[in-house]
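The file my_file-v7.txt comes next; it holds compact mmCIF, C-alpha atoms.
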# COMPACT_ATOMS: atom_id res chain seq x y z
CA MET A 44 86.00 -42.28 -5.47
CA ILE A 45 86.15 -44.68 -2.52
CA THR A 46 83.53 -47.42 -2.32
CA ILE A 47 83.12 -49.31 0.96
CA ARG A 48 81.55 -52.74 0.70
CA THR A 49 81.47 -56.15 2.32
CA ALA A 50 84.44 -58.32 1.35
CA ARG A 51 83.89 -61.37 -0.79
CA LYS A 52 85.14 -64.75 0.47
CA LYS A 53 87.53 -65.06 -2.49
CA GLU A 54 89.16 -61.72 -1.52
CA ILE A 55 90.22 -62.83 1.98
CA PRO A 56 93.72 -64.05 0.95
CA LEU A 57 94.38 -60.70 -0.80
CA ILE A 58 93.05 -58.77 2.21
CA ARG A 59 95.33 -60.65 4.61
CA LYS A 60 98.34 -60.16 2.32
CA GLN A 61 97.59 -56.44 2.03
CA ARG A 62 97.09 -56.22 5.81
CA LEU A 63 100.50 -57.77 6.39
CA GLN A 64 102.12 -55.33 3.92
CA ALA A 65 100.44 -52.40 5.69
CA TYR A 66 101.63 -53.46 9.15
CA GLU A 67 105.18 -54.36 8.02
CA GLU A 68 106.18 -50.70 8.40
CA HIS A 69 106.49 -51.49 12.14
CA ILE A 70 108.72 -54.56 11.75
CA ASN A 71 111.95 -52.69 12.56
CA THR A 72 110.52 -50.57 15.39
CA ILE A 73 109.17 -53.34 17.64
CA PRO A 74 110.80 -56.48 19.08
CA ASP A 75 110.56 -59.61 16.95
CA LYS A 76 108.40 -61.38 19.57
CA HIS A 77 105.85 -58.57 19.36
CA TRP A 78 105.97 -58.56 15.55
CA GLN A 79 105.30 -62.31 15.52
CA ALA A 80 102.28 -61.86 17.83
CA LEU A 81 100.98 -58.99 15.69
CA LYS A 82 101.55 -60.92 12.47
CA LYS A 83 99.66 -63.91 13.85
CA ALA A 84 96.74 -61.70 14.91
CA ILE A 85 96.39 -59.83 11.61
CA THR A 86 96.61 -62.96 9.44
CA SER A 87 94.40 -65.21 11.60
CA GLY A 88 90.92 -66.30 10.64
CA SER A 89 89.31 -64.38 13.49
CA ASP A 90 87.72 -62.04 10.95
CA GLU A 91 85.65 -64.97 9.67
CA GLN A 92 83.80 -65.49 12.97
CA PRO A 93 79.99 -65.26 12.82
CA GLY A 94 78.80 -61.67 12.96
CA VAL A 95 82.10 -60.06 11.95
CA GLU A 96 81.70 -57.59 9.12
CA LEU A 97 84.79 -57.66 6.92
CA LEU A 98 84.82 -54.46 4.88
CA VAL A 99 86.96 -53.33 1.98
CA ALA A 100 87.62 -49.93 0.47
CA GLU A 101 87.72 -50.07 -3.29
CA VAL A 102 89.26 -47.41 -5.51
CA ASP A 103 89.05 -47.81 -9.29
CA GLY A 104 88.04 -51.45 -8.89
CA GLU A 105 91.03 -52.31 -6.67
CA ILE A 106 91.00 -53.07 -2.95
CA ALA A 107 92.95 -50.26 -1.29
CA GLY A 108 92.20 -51.08 2.36
CA SER A 109 90.12 -53.13 4.73
CA THR A 110 88.88 -53.46 8.27
CA ALA A 111 86.74 -55.77 10.35
CA LEU A 112 83.91 -54.71 12.64
CA PHE A 113 83.55 -57.29 15.38
CA PRO A 114 80.14 -57.51 17.05
CA ALA A 115 79.64 -56.69 20.72
CA LYS A 116 80.34 -59.52 23.18
CA THR A 117 82.90 -61.17 20.89
CA ASP A 118 86.27 -62.52 21.96
CA ALA A 119 88.14 -60.44 19.40
CA TYR A 120 91.52 -60.84 21.13
CA ASP A 121 91.76 -64.51 22.09
CA GLY A 122 90.92 -63.96 25.74
CA LEU A 123 93.27 -60.99 26.27
CA VAL A 124 90.38 -58.53 26.73
CA ASP A 125 86.96 -58.88 28.32
CA GLU A 126 84.08 -59.18 25.90
CA LEU A 127 82.79 -55.64 25.47
CA ASP A 128 79.21 -54.37 25.18
CA TYR A 129 79.87 -52.59 21.88
CA PRO A 130 81.39 -53.41 18.48
CA GLU A 131 85.17 -53.21 17.91
CA ILE A 132 87.01 -51.99 14.84
CA ARG A 133 89.93 -54.34 14.18
CA VAL A 134 92.73 -54.86 11.67
CA LEU A 135 92.31 -51.54 9.88
CA ALA A 136 94.82 -51.55 7.04
CA VAL A 137 95.48 -49.39 4.01
CA ALA A 138 97.78 -50.46 1.19
CA PRO A 139 101.04 -48.50 1.47
CA ASP A 140 100.61 -47.01 -2.02
CA ALA A 141 97.05 -45.86 -1.22
CA ARG A 142 97.75 -43.92 1.97
CA GLY A 143 96.83 -40.29 2.42
CA LYS A 144 93.72 -40.58 0.24
CA GLY A 145 91.07 -40.84 2.97
CA ILE A 146 90.71 -44.62 2.82
CA ALA A 147 91.20 -45.24 6.55
CA SER A 148 88.69 -42.48 7.33
CA ALA A 149 86.14 -43.94 4.92
CA LEU A 150 86.47 -47.36 6.59
CA VAL A 151 86.15 -45.86 10.09
CA ASP A 152 83.14 -43.81 8.95
CA GLU A 153 81.43 -47.00 7.75
CA CYS A 154 82.16 -48.82 11.03
CA ILE A 155 80.67 -45.91 12.97
CA ARG A 156 77.63 -45.86 10.69
CA LEU A 157 77.08 -49.62 11.11
CA ALA A 158 77.46 -49.47 14.91
CA LYS A 159 74.92 -46.62 15.13
CA GLN A 160 72.56 -48.41 12.73
CA LYS A 161 72.61 -51.46 15.03
CA GLY A 162 71.62 -49.26 17.97
CA TYR A 163 74.93 -49.12 19.83
CA HIS A 164 76.02 -46.05 21.77
CA TYR A 165 79.74 -46.76 21.28
CA VAL A 166 82.30 -48.29 18.98
CA GLY A 167 85.70 -49.32 20.28
CA LEU A 168 89.11 -50.41 19.07
CA HIS A 169 92.57 -51.38 20.23
CA THR A 170 95.84 -50.28 18.65
CA GLY A 171 99.51 -50.71 19.44
CA GLU A 172 101.12 -47.80 21.25
CA PHE A 173 103.67 -47.61 18.40
CA MET A 174 100.96 -46.97 15.78
CA HIS A 175 101.17 -43.19 16.03
CA ASN A 176 99.35 -42.39 12.77
CA ALA A 177 96.44 -44.65 13.69
CA ILE A 178 96.18 -43.13 17.17
CA ALA A 179 96.18 -39.63 15.68
CA LEU A 180 93.36 -40.64 13.31
CA TYR A 181 91.25 -42.09 16.11
CA GLU A 182 91.82 -39.06 18.32
CA ARG A 183 90.66 -36.78 15.47
CA TYR A 184 87.40 -38.74 15.49
CA GLY A 185 87.04 -38.16 19.22
CA PHE A 186 87.90 -41.66 20.42
CA LYS A 187 88.79 -41.58 24.14
CA ARG A 188 91.30 -43.79 25.94
CA LEU A 189 90.05 -46.65 28.11
CA PRO A 190 93.23 -47.84 29.83
CA GLU A 191 91.31 -50.42 31.87
CA TYR A 192 90.97 -52.44 28.64
CA ASP A 193 94.64 -52.16 27.56
CA PHE A 194 96.66 -55.35 27.25
CA GLU A 195 100.21 -56.54 26.64
CA PRO A 196 100.09 -59.40 24.10
CA ALA A 197 103.77 -60.38 24.00
CA ASP A 198 104.93 -59.64 27.58
CA ASP A 199 107.46 -57.17 26.18
CA GLY A 200 106.28 -53.87 27.66
CA ILE A 201 104.44 -52.84 24.48
CA ILE A 202 100.86 -51.94 25.29
CA VAL A 203 97.89 -52.35 23.01
CA LYS A 204 95.76 -49.35 23.90
CA ALA A 205 91.97 -49.35 24.13
CA PHE A 206 89.85 -46.53 22.73
CA ARG A 207 86.11 -45.94 22.52
CA LEU A 208 83.98 -43.42 20.67
CA SER A 209 80.68 -42.41 22.25
CA PHE A 210 77.77 -41.44 20.03
CA ASN A 211 76.20 -39.67 23.01
CA GLN A 212 77.13 -35.99 22.74
CA ASP A 213 77.15 -35.64 26.55
CA GLU A 214 80.16 -37.97 26.78
CA ASN A 215 82.35 -36.34 24.11
Will you turn the file into structure tokens for me?
Amino acid sequence: MITIRTARKKEIPLIRKQRLQAYEEHINTIPDKHWQALKKAITSGSDEQPGVELLVAEVDGEIAGSTALFPAKTDAYDGLVDELDYPEIRVLAVAPDARGKGIASALVDECIRLAKQKGYHYVGLHTGEFMHNAIALYERYGFKRLPEYDFEPADDGIIVKAFRLSFNQDEN
């Protein structure tokens, strides 16, 4: 069984280490400059900003994945993207040995639930164009592309793509 809960302060080093391990699968498919920018972003302390909900997925008492839900109107990307009027899912990561067990979906489900509970009509996210499995997951949920919020963090031609899920049935 997967349990989603708020991360404890003492778990943050483990979460960041696990995040890095999860994203390392891309190290040989992207330029080093882009990897360094990505590595800096996923290990930074941005997930400790006020209002950010750092969530973990626990399986049999072990952390198997994590994500952060950034509140609306937060500079989640160090000035690279306008502050948006809805929460953003960031740094979704599942431990390599825990993949394929529904952990990413459980974390996304909780982010959607929290955004709805707070009265938002949308939840958004950004993901690298090379993260094909993540994009497929988000598209299965019905997230739609918002290219006007894309950005290029390392000036290397690799685009970080913006997506948004509407909770309004008329927009899906």
### Task
Mind checking which residues fall within 8 Å of range 131-140 of chain A, counting only C-alpha atoms, ignoring those fewer than 3 positions away in the same chain, and posting them as a ChimeraX atom specification?
/A:61-62,64-66,85,107-115,119,146-147,150-151,154,166-169
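The smallest atom-to-atom distance between Asp103 in chain A and any of A:Glu153, A:His164, A:Ile45, A:Asp198, using all atoms listed in the file, is found for A:Ile45.
Our summary of the geometry notes that CA of Ala149 in chain A is positioned 15.0 Å from CA of Glu96 in chain A.
The interatomic distance for the pair CA of Gly171 in chain A and CA of Ser89 in chain A works out to 18.1 Å.
Near Lys83 in chain A, within 12 Å and counting only C-alpha atoms, sit Arg59, Arg62, Leu63, Tyr66, Lys76, His77, Trp78, Gln79, Ser87, Gly88, Ser89, Tyr120, Asp121, Val134, Pro196 and Ala197 of chain A; same-chain residues fewer than 4 positions away were not included.
Coordinates place CA of Leu97 in chain A at a distance of 15.7 Å from CA of Ser148 in chain A.
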### Query
Do you know which residues are at most 12 Å from Gly162 in chain A counting only C-alpha atoms, after dropping those on the same chain fewer than 2 positions away, and could you put them as a PyMOL selection string?
chain A and resi 114-115+128-130+155-160+164-166+210-211
### Task
Considering only C-alpha atoms, return as a ChimeraX atom specification whatever protein or nucleic-acid residues lie within 12 Å of Ile178 in chain A, sequence-local ones (same chain, fewer than 6 positions apart) excluded.
/A:135,147,168-172,184-188,203-207
